[in-house]
$ cat coords.cif   # mmCIF, C-alpha atoms
data_data
loop_
_atom_site.label_atom_id
_atom_site.label_comp_id
_atom_site.auth_asym_id
_atom_site.auth_seq_id
_atom_site.Cartn_x
_atom_site.Cartn_y
_atom_site.Cartn_z
CA MET A 277 110.00 96.71 118.43
CA ARG A 278 108.00 94.97 115.70
CA VAL A 279 104.85 96.80 114.67
CA LEU A 280 102.02 95.56 112.48
CA GLY A 281 100.65 98.37 110.32
CA ILE A 282 97.11 98.28 108.91
CA GLU A 283 95.89 100.62 106.14
CA THR A 284 92.23 100.65 105.03
CA SER A 285 91.46 104.33 104.52
CA CYS A 286 90.15 104.03 100.96
CA ASP A 287 90.62 101.40 98.23
CA GLU A 288 93.82 99.62 99.25
CA THR A 289 94.05 96.96 101.95
CA GLY A 290 97.67 97.24 103.06
CA LEU A 291 99.50 95.46 105.87
CA ALA A 292 103.16 95.45 106.87
CA ILE A 293 105.54 94.68 109.71
CA TYR A 294 108.20 97.24 110.60
CA ASP A 295 111.01 96.60 113.05
CA LEU A 296 112.75 99.62 114.57
CA GLU A 297 116.06 97.77 114.38
CA GLN A 298 115.73 95.74 111.16
CA GLY A 299 113.54 98.10 109.13
CA LEU A 300 110.72 96.89 106.92
CA VAL A 301 110.31 93.15 107.50
CA ALA A 302 107.42 92.39 105.16
CA ASP A 303 104.50 94.08 103.47
CA ILE A 304 101.49 93.03 101.44
CA GLN A 305 98.82 94.93 99.59
CA HIS A 306 95.51 94.29 97.87
CA SER A 307 94.20 96.86 95.39
CA GLN A 308 90.51 97.41 94.71
CA VAL A 309 91.09 99.12 91.35
CA GLU A 310 89.26 96.45 89.36
CA LEU A 311 86.35 96.54 91.81
CA HIS A 312 85.77 100.27 91.35
CA ALA A 313 86.87 100.66 87.73
CA GLU A 314 83.41 100.24 86.21
CA TYR A 315 82.11 103.10 88.37
CA GLY A 316 84.92 105.51 87.48
CA GLY A 317 85.79 106.06 91.15
CA VAL A 318 85.67 104.55 94.64
CA VAL A 319 82.29 103.32 95.89
CA PRO A 320 82.58 103.57 99.72
CA GLU A 321 80.28 100.67 100.59
CA LEU A 322 82.03 98.31 98.18
CA ALA A 323 85.40 99.42 99.55
CA SER A 324 84.38 98.63 103.13
CA ARG A 325 83.04 95.19 102.23
CA ASP A 326 86.20 94.29 100.34
CA HIS A 327 88.39 95.34 103.28
CA ILE A 328 86.34 93.01 105.50
CA ARG A 329 86.85 90.11 103.08
CA LYS A 330 90.57 90.63 102.68
CA ILE A 331 92.01 91.83 105.98
CA ILE A 332 92.25 88.50 107.85
CA PRO A 333 93.58 86.41 104.91
CA LEU A 334 96.14 89.14 104.16
CA THR A 335 97.26 89.21 107.80
CA ARG A 336 97.87 85.48 107.72
CA GLU A 337 99.73 85.73 104.43
CA LEU A 338 101.88 88.58 105.76
CA LEU A 339 102.86 86.67 108.89
CA ASN A 340 103.69 83.57 106.85
CA SER A 341 105.90 85.58 104.49
CA ALA A 342 107.75 87.06 107.48
CA ASP A 343 107.98 83.64 109.19
CA MET A 344 106.32 85.16 112.25
CA THR A 345 103.26 84.64 114.44
CA LEU A 346 101.04 87.17 116.18
CA GLN A 347 103.01 86.49 119.36
CA ASP A 348 106.13 87.97 117.71
CA LEU A 349 104.51 91.41 117.45
CA ASP A 350 105.21 94.22 119.92
CA GLY A 351 102.58 96.72 118.79
CA ILE A 352 99.83 97.42 116.28
CA ALA A 353 99.26 100.60 114.26
CA TYR A 354 96.19 101.37 112.20
CA THR A 355 94.94 104.25 110.09
CA ALA A 356 92.36 106.24 112.06
CA GLY A 357 91.86 109.01 109.49
CA PRO A 358 91.39 110.85 107.31
CA GLY A 359 89.56 108.65 104.84
CA LEU A 360 86.25 106.94 104.18
CA MET A 361 84.51 106.28 107.49
CA GLY A 362 83.36 102.74 106.71
CA ALA A 363 86.76 101.74 105.35
CA LEU A 364 88.58 103.26 108.31
CA LEU A 365 86.34 101.39 110.74
CA VAL A 366 87.33 98.03 109.26
CA GLY A 367 91.07 98.46 109.84
CA ALA A 368 90.72 100.34 113.12
CA THR A 369 88.32 97.79 114.63
CA PHE A 370 90.46 94.87 113.51
CA GLY A 371 93.69 96.47 114.69
CA ARG A 372 92.45 97.71 118.04
CA THR A 373 90.68 94.44 118.83
CA LEU A 374 93.74 92.40 117.87
CA ALA A 375 95.94 94.57 120.10
CA TRP A 376 93.52 94.13 123.01
CA ALA A 377 93.40 90.35 122.53
CA LEU A 378 97.21 90.12 122.41
CA ASP A 379 97.69 92.63 125.24
CA LEU A 380 99.80 94.85 122.96
CA PRO A 381 99.99 98.64 122.72
CA ALA A 382 98.08 100.13 119.80
CA ILE A 383 98.44 103.49 118.08
CA GLU A 384 96.19 105.52 115.79
CA VAL A 385 98.01 106.75 112.68
CA HIS A 386 97.19 109.83 110.64
CA HIS A 387 97.06 108.77 107.00
CA MET A 388 98.73 111.92 105.65
CA GLU A 389 101.47 111.92 108.29
CA ALA A 390 102.24 108.38 107.20
CA HIS A 391 102.52 109.52 103.58
CA LEU A 392 104.75 112.38 104.69
CA LEU A 393 107.07 110.01 106.55
CA ALA A 394 107.12 107.31 103.83
CA PRO A 395 110.16 108.86 102.05
CA LEU A 396 112.15 108.11 105.21
CA LEU A 397 111.89 104.45 104.20
CA ALA A 398 114.05 105.21 101.16
CA ASP A 399 117.86 105.09 101.17
CA GLU A 400 118.22 108.87 100.77
CA GLN A 401 116.41 110.80 103.49
CA PRO A 402 115.72 114.54 103.83
CA PRO A 403 117.23 116.57 106.68
CA LEU A 404 115.00 118.58 109.01
CA PRO A 405 113.37 120.97 108.42
CA PHE A 406 111.85 120.12 105.05
CA LEU A 407 108.83 120.94 102.94
CA ALA A 408 106.36 118.25 101.90
CA LEU A 409 104.05 118.16 98.91
CA LEU A 410 101.32 115.66 99.69
CA VAL A 411 99.38 114.83 96.53
CA SER A 412 96.82 112.03 96.38
CA GLY A 413 93.26 111.30 95.37
CA GLY A 414 91.93 112.94 98.50
CA HIS A 415 94.51 115.56 99.47
CA THR A 416 96.78 118.21 98.03
CA GLN A 417 98.81 120.00 100.68
CA LEU A 418 102.08 121.85 101.13
CA VAL A 419 103.44 121.28 104.63
CA LYS A 420 106.38 122.73 106.53
CA VAL A 421 107.95 120.06 108.72
CA GLU A 422 110.03 121.46 111.57
CA ASP A 423 110.23 118.09 113.32
CA PHE A 424 108.26 114.87 113.31
CA GLY A 425 104.84 115.76 114.64
CA CYS A 426 105.42 119.52 114.27
CA TYR A 427 103.60 120.50 111.08
CA GLU A 428 102.46 123.77 109.55
CA ILE A 429 100.04 123.64 106.63
CA LEU A 430 101.28 126.26 104.15
CA GLY A 431 98.64 125.59 101.51
CA GLU A 432 96.00 123.08 100.48
CA SER A 433 93.32 122.53 97.87
CA ILE A 434 90.12 124.50 98.41
CA ASP A 435 88.16 122.02 96.27
CA ASP A 436 89.30 118.95 94.29
CA ALA A 437 92.60 117.31 95.14
CA ALA A 438 95.04 116.79 92.27
CA GLY A 439 94.45 113.04 92.18
CA GLU A 440 90.69 113.55 92.24
CA ALA A 441 90.99 115.97 89.32
CA PHE A 442 92.94 113.36 87.34
CA ASP A 443 90.24 110.76 88.06
CA LYS A 444 87.42 113.06 86.96
CA ALA A 445 89.21 114.18 83.80
CA ALA A 446 89.96 110.57 82.89
CA LYS A 447 86.32 109.64 83.37
CA MET A 448 85.25 112.48 81.05
CA LEU A 449 87.71 111.20 78.46
CA GLY A 450 86.54 107.61 78.85
CA LEU A 451 89.93 106.44 80.09
CA GLY A 452 88.79 104.55 83.17
CA TYR A 453 90.02 104.46 86.77
CA PRO A 454 92.46 105.29 88.30
CA GLY A 455 92.77 108.44 86.24
CA GLY A 456 96.33 109.55 86.94
CA PRO A 457 98.16 106.65 85.24
CA ALA A 458 95.60 106.59 82.40
CA ILE A 459 96.04 110.28 81.57
CA ALA A 460 99.83 110.05 81.94
CA GLU A 461 99.94 107.23 79.40
CA ARG A 462 97.79 109.07 76.86
CA ALA A 463 99.66 112.34 77.45
CA GLN A 464 103.01 110.91 76.29
CA PRO A 465 102.27 111.15 72.54
CA GLY A 466 100.12 114.27 73.00
CA ASP A 467 100.88 117.61 71.32
CA SER A 468 101.76 120.08 74.08
CA SER A 469 101.20 123.09 71.83
CA ARG A 470 97.65 122.36 70.71
CA PHE A 471 95.77 123.21 73.93
CA ARG A 472 96.79 125.32 76.90
CA PHE A 473 94.75 124.83 80.04
CA PRO A 474 94.79 127.33 82.94
CA ARG A 475 97.21 127.04 85.87
CA PRO A 476 94.68 127.76 88.67
CA MET A 477 95.52 130.25 91.44
CA THR A 478 99.10 130.77 90.27
CA ASP A 479 98.41 134.41 89.35
CA ARG A 480 97.71 135.39 92.96
CA PRO A 481 99.69 135.23 96.22
CA GLY A 482 99.49 132.24 98.50
CA LEU A 483 100.07 128.52 98.40
CA ASP A 484 96.52 127.17 98.20
CA PHE A 485 95.40 125.04 95.25
CA SER A 486 92.21 124.75 93.19
CA PHE A 487 91.56 122.20 90.47
CA SER A 488 87.78 122.41 89.94
CA GLY A 489 88.12 125.18 87.33
CA LEU A 490 90.71 123.15 85.46
CA LYS A 491 88.30 120.21 85.41
CA THR A 492 85.57 122.48 84.00
CA HIS A 493 87.94 123.80 81.33
CA ALA A 494 88.74 120.23 80.32
CA LEU A 495 85.02 119.38 80.08
CA ASN A 496 84.36 122.43 77.89
CA THR A 497 87.25 121.45 75.61
CA ILE A 498 85.98 117.88 75.36
CA ASN A 499 82.46 119.07 74.49
CA ALA A 500 83.80 121.51 71.88
CA HIS A 501 85.68 118.75 70.04
CA ALA A 502 83.24 115.85 70.44
CA PRO A 503 83.25 113.21 69.18
CA LEU A 504 86.89 112.85 70.17
CA SER A 505 89.49 111.18 68.02
CA ASP A 506 92.43 109.31 69.56
CA LYS A 507 94.60 112.35 68.83
CA ASP A 508 92.11 114.63 70.60
CA ILE A 509 92.27 112.43 73.69
CA ASP A 510 96.08 112.38 73.62
CA ASP A 511 96.32 116.16 73.22
CA ILE A 512 93.73 116.95 75.89
CA SER A 513 95.42 114.50 78.27
CA ARG A 514 98.75 116.23 77.64
CA ALA A 515 97.26 119.69 78.24
CA PHE A 516 95.58 118.54 81.45
CA GLU A 517 98.68 116.83 82.85
CA ASP A 518 100.88 119.80 81.94
CA ALA A 519 98.50 122.16 83.75
CA VAL A 520 98.46 120.08 86.94
CA VAL A 521 102.22 119.58 86.90
CA ASP A 522 102.94 123.27 86.27
CA THR A 523 100.53 124.33 89.02
CA LEU A 524 102.15 122.02 91.57
CA TYR A 525 105.62 123.11 90.51
CA ILE A 526 104.80 126.84 90.73
CA LYS A 527 103.42 126.42 94.25
CA CYS A 528 106.41 124.34 95.36
CA ARG A 529 108.82 126.93 93.94
CA ARG A 530 106.96 129.65 95.80
CA ALA A 531 107.09 127.65 99.06
CA VAL A 532 110.85 127.14 98.71
CA GLU A 533 111.37 130.87 98.03
CA GLU A 534 109.17 131.98 100.93
CA THR A 535 110.56 129.59 103.55
CA GLY A 536 114.17 129.32 102.36
CA ILE A 537 114.01 125.55 102.90
CA PRO A 538 115.84 123.75 100.04
CA HIS A 539 114.46 120.26 100.73
CA LEU A 540 111.14 118.97 99.39
CA VAL A 541 109.51 115.63 100.11
CA MET A 542 106.88 114.49 97.62
CA ALA A 543 104.44 111.81 98.76
CA GLY A 544 101.07 110.35 97.86
CA GLY A 545 99.83 108.54 94.78
CA VAL A 546 100.39 111.48 92.40
CA ALA A 547 104.05 111.50 93.50
CA ALA A 548 104.51 108.56 91.12
CA ASN A 549 103.75 110.82 88.12
CA GLN A 550 106.96 110.91 86.08
CA SER A 551 106.26 114.31 84.47
CA LEU A 552 105.85 115.89 87.89
CA ARG A 553 109.03 114.27 89.17
CA LYS A 554 111.02 115.46 86.17
CA LYS A 555 109.67 119.01 86.46
CA LEU A 556 110.57 119.29 90.12
CA GLU A 557 113.98 117.66 89.70
CA ASP A 558 114.93 119.80 86.69
CA LYS A 559 113.45 123.16 87.67
CA LEU A 560 113.05 123.41 91.44
CA ASP A 561 115.91 125.00 93.35
CA ALA A 562 115.75 122.31 96.03
CA ALA A 563 116.62 118.67 96.62
CA VAL A 564 113.60 116.43 96.02
CA TYR A 565 112.92 113.21 97.92
CA TYR A 566 110.39 110.42 97.32
CA ALA A 567 109.16 107.27 98.93
CA PRO A 568 110.13 104.03 97.16
CA GLY A 569 107.86 103.64 94.10
CA ARG A 570 105.58 100.97 95.51
CA LEU A 571 105.13 102.98 98.71
CA CYS A 572 103.82 106.13 97.02
CA THR A 573 100.26 104.85 96.99
CA ASP A 574 98.41 103.83 100.16
CA ASN A 575 100.23 100.98 101.91
CA GLY A 576 100.71 99.27 105.23
CA ALA A 577 104.46 99.96 105.41
CA MET A 578 104.00 103.69 105.94
CA ILE A 579 101.43 103.00 108.67
CA ALA A 580 103.70 100.52 110.44
CA PHE A 581 106.63 102.95 110.23
CA ALA A 582 104.69 106.01 111.45
CA GLY A 583 103.10 103.92 114.19
CA ALA A 584 106.44 102.53 115.32
CA LEU A 585 107.84 106.05 115.73
CA ARG A 586 104.90 107.14 117.87
CA LEU A 587 104.90 103.95 119.94
CA LYS A 588 108.62 104.45 120.51
CA SER A 589 107.90 107.89 121.94
CA GLY A 590 105.47 106.36 124.43
CA GLN A 591 102.20 107.26 122.74
CA THR A 592 99.34 104.73 122.65
CA ALA A 593 95.70 104.71 121.62
CA PRO A 594 92.87 104.31 124.12
CA LEU A 595 90.67 101.23 124.00
CA ALA A 596 87.84 103.20 122.39
CA ILE A 597 87.96 103.26 118.59
CA ASP A 598 87.98 106.80 117.23
CA THR A 599 88.06 107.07 113.44
CA ARG A 600 87.97 110.48 111.80
CA PRO A 601 87.15 111.02 108.11
CA ARG A 602 88.45 114.58 108.57
CA TRP A 603 91.48 115.07 110.79
CA PRO A 604 93.74 118.14 110.49
CA MET A 605 97.37 117.08 110.69
CA THR A 606 98.12 120.15 112.82
CA GLU A 607 96.19 118.51 115.67
CA LEU A 608 98.77 115.77 116.02
CA PRO A 609 101.02 115.76 119.12
CA PRO A 610 104.80 115.86 118.56
CA HIS A 611 106.69 112.57 118.57
#
$ encode --input "coords.cif" --output "structure tokens"
Amino acid sequence: MRVLGIETSCDETGLAIYDLEQGLVADIQHSQVELHAEYGGVVPELASRDHIRKIIPLTRELLNSADMTLQDLDGIAYTAGPGLMGALLVGATFGRTLAWALDLPAIEVHHMEAHLLAPLLADEQPPLPFLALLVSGGHTQLVKVEDFGCYEILGESIDDAAGEAFDKAAKMLGLGYPGGPAIAERAQPGDSSRFRFPRPMTDRPGLDFSFSGLKTHALNTINAHAPLSDKDIDDISRAFEDAVVDTLYIKCRRAVEETGIPHLVMAGGVAANQSLRKKLEDKLDAAVYYAPGRLCTDNGAMIAFAGALRLKSGQTAPLAIDTRPRWPMTELPPH
């Protein structure tokens, strides 16, 4: 079964073809980073318009690279949520209409389930059950995975997601967008002993996250030392990154201790952060698994893969297009 995956939930137009027998056949991705950089974050209307411009040319380019035609496809998967409503509608409308025109089965894919399953595209795969830390610009969640489609949310952010906090801190520091890579770069030469930022909600029970207070602390520090020198920016970046990394590590350690599950999957854009990876690998009493580097951020491969698994189990989407900017993963049926 060859499945075309379509991802347009935010600021990446991603398409891929996954074959249940051959694996990932081809994938292609267009980033909108330059489009949104001058605004310091994603502008939903601009994102939607860019998806419209790019989705058909990218589909043609993908098929050419795979030496395939639309008639070689056996199913189509598209992100139905969560995400930006206008952006989701572009991919969902294109995907569902294409499936109808080709008389192919279609499947709605949950964006965060796709991130969770992306590490299964790597050579080393986690055994069931496992824990998953999903960290991106829009979500920070700890999930217990008993089986594919059987998820229990152990903790999540009550305000800003980790990736969102990185973006906002970077904007305050004048480092541009996306914030995670920009802060990570400036943090490398930073002095870790100069500032110590709080590790939010680590002094109380539970596995929920909060990063809004950390963002406020960073703003207060910036204002107290303005105008900032290059060293100030490096040191504040280091303190901010250390605080986010420590917070995520402490919550993951607590989840491993409470569940007794020694396997952790890390997925989402923030999963590419090297300081976070090193902290978990060195300190966490569990095996840590990741998606391939280029599949940590939003991409079509994870959508094609997740969709192929659900199509294989006999699930299909109705003809009506139902996109959901908010969609709890616990509402998903098992595979």
$ closest_residue --input "coords.cif" --among "A:Lys330, A:Arg570, A:Arg475, A:Arg372" --to "Asp518 (chain A)" --atoms "only C-alpha atoms"
A:Arg475
$ resolve_selection --input "coords.cif" --expression "the PyMOL selection byres ((chain A and resi 549) around 12)" --output "JSON, numbers by chain"
{"A": [411, 412, 438, 439, 442, 455, 456, 457, 458, 459, 460, 461, 463, 464, 517, 518, 520, 521, 524, 542, 543, 544, 545, 546, 547, 548, 550, 551, 552, 553, 554, 555, 556, 566, 569, 572, 573]}
$ residues_around --input "coords.cif" --residues "Leu418 (chain A)" --least-positions-apart "2" --cutoff "6 Å" --atoms "all atoms listed in the file" --output "PyMOL selection string"
chain A and resi 408-409+430-431
$ closest_residue --input "coords.cif" --among "A:Thr345, A:Ser513, A:Ser285, A:Thr355" --to "Ala494 (chain A)" --atoms "only C-alpha atoms"
A:Ser513
$ closest_residue --input "coords.cif" --among "A:Asp574, A:Asp510, A:Glu557, A:Glu384" --to "Thr599 (chain A)" --atoms "all atoms listed in the file"
A:Glu384
$ atom_distance --input "coords.cif" --atom1 "CA of Arg480 (chain A)" --atom2 "CA of Ala519 (chain A)"
16.1 Å
$ closest_residue --input "coords.cif" --among "A:Val421, A:Leu595, A:Ala437, A:Ile429" --to "Ser488 (chain A)" --atoms "only C-alpha atoms"
A:Ala437
$ closest_residue --input "coords.cif" --among "A:Ala562, A:Leu449, A:Leu608, A:Ala353" --to "Gly536 (chain A)" --atoms "all atoms listed in the file"
A:Ala562
$ resolve_selection --input "coords.cif" --expression "the PyMOL selection byres ((chain A and resi 592) around 7)" --output "ChimeraX atom specification"
/A:381-383,587,590-591,593-594
$ write_last_selection --input "coords.cif" --atoms "C-alpha atoms" --output "CSV table (one decimal), in the frame of the given file"
chain,number,residue,atom,x,y,z
A,381,PRO,CA,100.0,98.6,122.7
A,382,ALA,CA,98.1,100.1,119.8
A,383,ILE,CA,98.4,103.5,118.1
A,587,LEU,CA,104.9,104.0,119.9
A,590,GLY,CA,105.5,106.4,124.4
A,591,GLN,CA,102.2,107.3,122.7
A,593,ALA,CA,95.7,104.7,121.6
A,594,PRO,CA,92.9,104.3,124.1
$ closest_residue --input "coords.cif" --among "A:Pro474, A:Gly362, A:Pro601, A:Gly351" --to "Asp326 (chain A)" --atoms "all atoms listed in the file"
A:Gly362
$ residues_around --input "coords.cif" --residues "His501 (chain A)" --least-positions-apart "6" --cutoff "12 Å" --atoms "all atoms listed in the file" --output "mmCIF file with C-alpha atoms, in the frame of the given file"
data_model
loop_
_atom_site.group_PDB
_atom_site.id
_atom_site.type_symbol
_atom_site.label_atom_id
_atom_site.label_comp_id
_atom_site.auth_asym_id
_atom_site.auth_seq_id
_atom_site.Cartn_x
_atom_site.Cartn_y
_atom_site.Cartn_z
ATOM 1 C CA LEU A 449 87.710 111.200 78.460
ATOM 2 C CA PHE A 471 95.770 123.210 73.930
ATOM 3 C CA ALA A 494 88.740 120.230 80.320
ATOM 4 C CA LEU A 495 85.020 119.380 80.080
ATOM 5 C CA LYS A 507 94.600 112.350 68.830
ATOM 6 C CA ASP A 508 92.110 114.630 70.600
ATOM 7 C CA ILE A 509 92.270 112.430 73.690
ATOM 8 C CA ASP A 511 96.320 116.160 73.220
ATOM 9 C CA ILE A 512 93.730 116.950 75.890
#
$ resolve_selection --input "coords.cif" --expression "the PyMOL selection byres ((chain A and resi 367) around 10)" --output "VMD selection string"
chain A and resid 281 to 285 289 to 291 324 327 to 328 331 353 to 356 362 to 366 368 to 373 599
$ write_last_selection --input "coords.cif" --atoms "C-alpha atoms" --output "PDB file, in the frame of the given file"
ATOM      1  CA  GLY A 281     100.650  98.370 110.320  1.00  0.00           C
ATOM      2  CA  ILE A 282      97.110  98.280 108.910  1.00  0.00           C
ATOM      3  CA  GLU A 283      95.890 100.620 106.140  1.00  0.00           C
ATOM      4  CA  THR A 284      92.230 100.650 105.030  1.00  0.00           C
ATOM      5  CA  SER A 285      91.460 104.330 104.520  1.00  0.00           C
ATOM      6  CA  THR A 289      94.050  96.960 101.950  1.00  0.00           C
ATOM      7  CA  GLY A 290      97.670  97.240 103.060  1.00  0.00           C
ATOM      8  CA  LEU A 291      99.500  95.460 105.870  1.00  0.00           C
ATOM      9  CA  SER A 324      84.380  98.630 103.130  1.00  0.00           C
ATOM     10  CA  HIS A 327      88.390  95.340 103.280  1.00  0.00           C
ATOM     11  CA  ILE A 328      86.340  93.010 105.500  1.00  0.00           C
ATOM     12  CA  ILE A 331      92.010  91.830 105.980  1.00  0.00           C
ATOM     13  CA  ALA A 353      99.260 100.600 114.260  1.00  0.00           C
ATOM     14  CA  TYR A 354      96.190 101.370 112.200  1.00  0.00           C
ATOM     15  CA  THR A 355      94.940 104.250 110.090  1.00  0.00           C
ATOM     16  CA  ALA A 356      92.360 106.240 112.060  1.00  0.00           C
ATOM     17  CA  GLY A 362      83.360 102.740 106.710  1.00  0.00           C
ATOM     18  CA  ALA A 363      86.760 101.740 105.350  1.00  0.00           C
ATOM     19  CA  LEU A 364      88.580 103.260 108.310  1.00  0.00           C
ATOM     20  CA  LEU A 365      86.340 101.390 110.740  1.00  0.00           C
ATOM     21  CA  VAL A 366      87.330  98.030 109.260  1.00  0.00           C
ATOM     22  CA  ALA A 368      90.720 100.340 113.120  1.00  0.00           C
ATOM     23  CA  THR A 369      88.320  97.790 114.630  1.00  0.00           C
ATOM     24  CA  PHE A 370      90.460  94.870 113.510  1.00  0.00           C
ATOM     25  CA  GLY A 371      93.690  96.470 114.690  1.00  0.00           C
ATOM     26  CA  ARG A 372      92.450  97.710 118.040  1.00  0.00           C
ATOM     27  CA  THR A 373      90.680  94.440 118.830  1.00  0.00           C
ATOM     28  CA  THR A 599      88.060 107.070 113.440  1.00  0.00           C
TER      29      THR A 599
END
$ atom_distance --input "coords.cif" --atom1 "CA of Leu396 (chain A)" --atom2 "CA of Gly583 (chain A)"
13.4 Å
$ atom_distance --input "coords.cif" --atom1 "CA of Glu310 (chain A)" --atom2 "CA of Tyr453 (chain A)"
8.5 Å
$ residues_around --input "coords.cif" --residues "Asp561 (chain A)" --least-positions-apart "3" --cutoff "12 Å" --atoms "only C-alpha atoms" --output "VMD selection string"
chain A and resid 525 to 526 528 to 533 536 to 540 555 to 558 564
$ write_last_selection --input "coords.cif" --atoms "C-alpha atoms" --output "PDB file, keeping the file's coordinate frame"
ATOM      1  CA  TYR A 525     105.620 123.110  90.510  1.00  0.00           C
ATOM      2  CA  ILE A 526     104.800 126.840  90.730  1.00  0.00           C
ATOM      3  CA  CYS A 528     106.410 124.340  95.360  1.00  0.00           C
ATOM      4  CA  ARG A 529     108.820 126.930  93.940  1.00  0.00           C
ATOM      5  CA  ARG A 530     106.960 129.650  95.800  1.00  0.00           C
ATOM      6  CA  ALA A 531     107.090 127.650  99.060  1.00  0.00           C
ATOM      7  CA  VAL A 532     110.850 127.140  98.710  1.00  0.00           C
ATOM      8  CA  GLU A 533     111.370 130.870  98.030  1.00  0.00           C
ATOM      9  CA  GLY A 536     114.170 129.320 102.360  1.00  0.00           C
ATOM     10  CA  ILE A 537     114.010 125.550 102.900  1.00  0.00           C
ATOM     11  CA  PRO A 538     115.840 123.750 100.040  1.00  0.00           C
ATOM     12  CA  HIS A 539     114.460 120.260 100.730  1.00  0.00           C
ATOM     13  CA  LEU A 540     111.140 118.970  99.390  1.00  0.00           C
ATOM     14  CA  LYS A 555     109.670 119.010  86.460  1.00  0.00           C
ATOM     15  CA  LEU A 556     110.570 119.290  90.120  1.00  0.00           C
ATOM     16  CA  GLU A 557     113.980 117.660  89.700  1.00  0.00           C
ATOM     17  CA  ASP A 558     114.930 119.800  86.690  1.00  0.00           C
ATOM     18  CA  VAL A 564     113.600 116.430  96.020  1.00  0.00           C
TER      19      VAL A 564
END
$ decode --input "coords.cif" --residues "region 298-312 of chain A" --atoms "C-alpha atoms" --output "mmCIF file, in the first residue's frame"
data_model
loop_
_atom_site.group_PDB
_atom_site.id
_atom_site.type_symbol
_atom_site.label_atom_id
_atom_site.label_comp_id
_atom_site.auth_asym_id
_atom_site.auth_seq_id
_atom_site.Cartn_x
_atom_site.Cartn_y
_atom_site.Cartn_z
ATOM 1 C CA GLN A 298 9.232 -0.635 0.953
ATOM 2 C CA GLY A 299 9.142 2.056 3.643
ATOM 3 C CA LEU A 300 9.586 5.742 2.877
ATOM 4 C CA VAL A 301 9.683 6.133 -0.901
ATOM 5 C CA ALA A 302 10.096 9.898 -1.202
ATOM 6 C CA ASP A 303 9.457 13.080 0.736
ATOM 7 C CA ILE A 304 9.621 16.794 0.088
ATOM 8 C CA GLN A 305 9.208 19.829 2.268
ATOM 9 C CA HIS A 306 8.858 23.584 1.933
ATOM 10 C CA SER A 307 9.572 25.770 4.956
ATOM 11 C CA GLN A 308 7.930 29.151 5.521
ATOM 12 C CA VAL A 309 10.582 30.339 7.986
ATOM 13 C CA GLU A 310 11.716 33.232 5.796
ATOM 14 C CA LEU A 311 8.112 34.279 5.206
ATOM 15 C CA HIS A 312 7.364 34.631 8.920
#
